[in-house]
Amino acid sequence: MKFTKKIAFASASLALTMATPAALLTQNAAFAKTTTVKQATKVKVTKKTTPFYHKDGSKFTKKKPYVYGSWKSTVAYKNTSYNVVKTVTIKGAKYYYIGNDAYLKASDVKVTATKTVKSSSTSSAKKASTSSSKTTSKKTSSTSSSTSSSSSSKKTSSKKTVTQIQVTKKTTPFYHKDGSKFTKKSPYVYQSLGWKSTVAYKGTEYKVFKTITIKGSKYYYIGNSAYLKASAVKVIASK
């Protein structure tokens with residue numbers, strides 16, 4: 001009788017041991033599902049203007065504006081779209097990191113694109129974003145070096161070469177090299193920043209790569225196949 005009880009007890013213990021891995025797998029599967037979330041990949045500005053922020057929550061200033069290639073500003077403009085690298089919390093508020101050390105407050109934008117991710121894949125996504133940022137910065141630096149080399153070749157001329165301009169009108173169109181304006185269907189797009197617009201805004205600064213004449217009017221080439229009319233801007237730097 002005692003022997004029978006021992007066998008029964010051992011059988012019950014074995015059954016519990018064999019059931020444990022299956023139970024753990026079920027729990028792990030449930031946990032994996034709970035970590036699957038939608039991550040913002042693109043946002044659009046909903047306010048007339050909204051500040052660019054640093055990672056400590058402070059705003060960019062006129063002395064130290066947000067700089068992306070040849071584009072400088074302290075604010076983002078309504079309906080402008082930006083690619084989101086990651087979502088963070090700063091002083092209790094949600095922000096979207098758009099690259100180049102700049103953040104936009106979630107309350108000032110709306111999410112226009114998302115992707116479903118798991119926590120395990122977040123780190124790799126960050127690495128990919130970081131590497132793409134590095135690639136972009138390398139491209140920018142190479143562009144800058146090519147610009148400096150081309151400008152150095154112009155030193156033989158006694159005339160001053162315009163190197164930077166600032167928009168003086170409330171808005172001014174971006175033009176193609178044939179003098180036609182960019183349209184809403186085919187707007188001016190600034191590289192991987194995800195910034196799209198048909199116009200440039202007052203106070204925004206741009207680097208000038210060359211000065212040309214289109215249909216009898218002077219234009220400044222600011223890169224990415226876009227030109228600004230000289231009458232709509234003022235020169236703030238030359239050499």
# chains A, B, ... in the order shown; residues from 1 in each chain; ligands from 1

$ residues_around --residues "A:Thr168" --least-positions-apart "6" --cutoff "9 Å" --atoms "only C-alpha atoms" --output "list in words"
Tyr201, Lys202, Gly203, Thr204, Ser231, Ala232, Val233 and Lys234 of chain A

$ select_by_dssp --residues "stretch 47-79 of chain A" --states "strand (DSSP E)" --output "ChimeraX atom specification"
/A:49-51,66-68,71-73,75-77

$ closest_residue --among "A:Ser238, A:Thr50, A:Asn224, A:Thr112" --to "A:Gly69" --atoms "only C-alpha atoms"
A:Asn224

$ residues_around --residues "A:Gly216" --least-positions-apart "2" --cutoff "12 Å" --atoms "only C-alpha atoms" --output "list in words"
Asp178, Gly179, Ile212, Thr213, Ile214, Lys218, Tyr219, Lys229 and Ala230 of chain A

$ residues_around --residues "A:Phe52" --least-positions-apart "5" --cutoff "8 Å" --atoms "only C-alpha atoms" --output "MDAnalysis selection string"
chainID A and resid 59:60 66 74:76 102:104

$ closest_residue --among "A:Val117, A:Ala40, A:Val189, A:Val162" --to "A:Ser225" --atoms "only C-alpha atoms"
A:Val189

$ closest_residue --among "A:Tyr221, A:Tyr188, A:Tyr206, A:Tyr227" --to "A:Ser73" --atoms "only C-alpha atoms"
A:Tyr206

$ closest_residue --among "A:Ala113, A:Leu228, A:Val67, A:Val208" --to "A:Lys169" --atoms "only C-alpha atoms"
A:Leu228
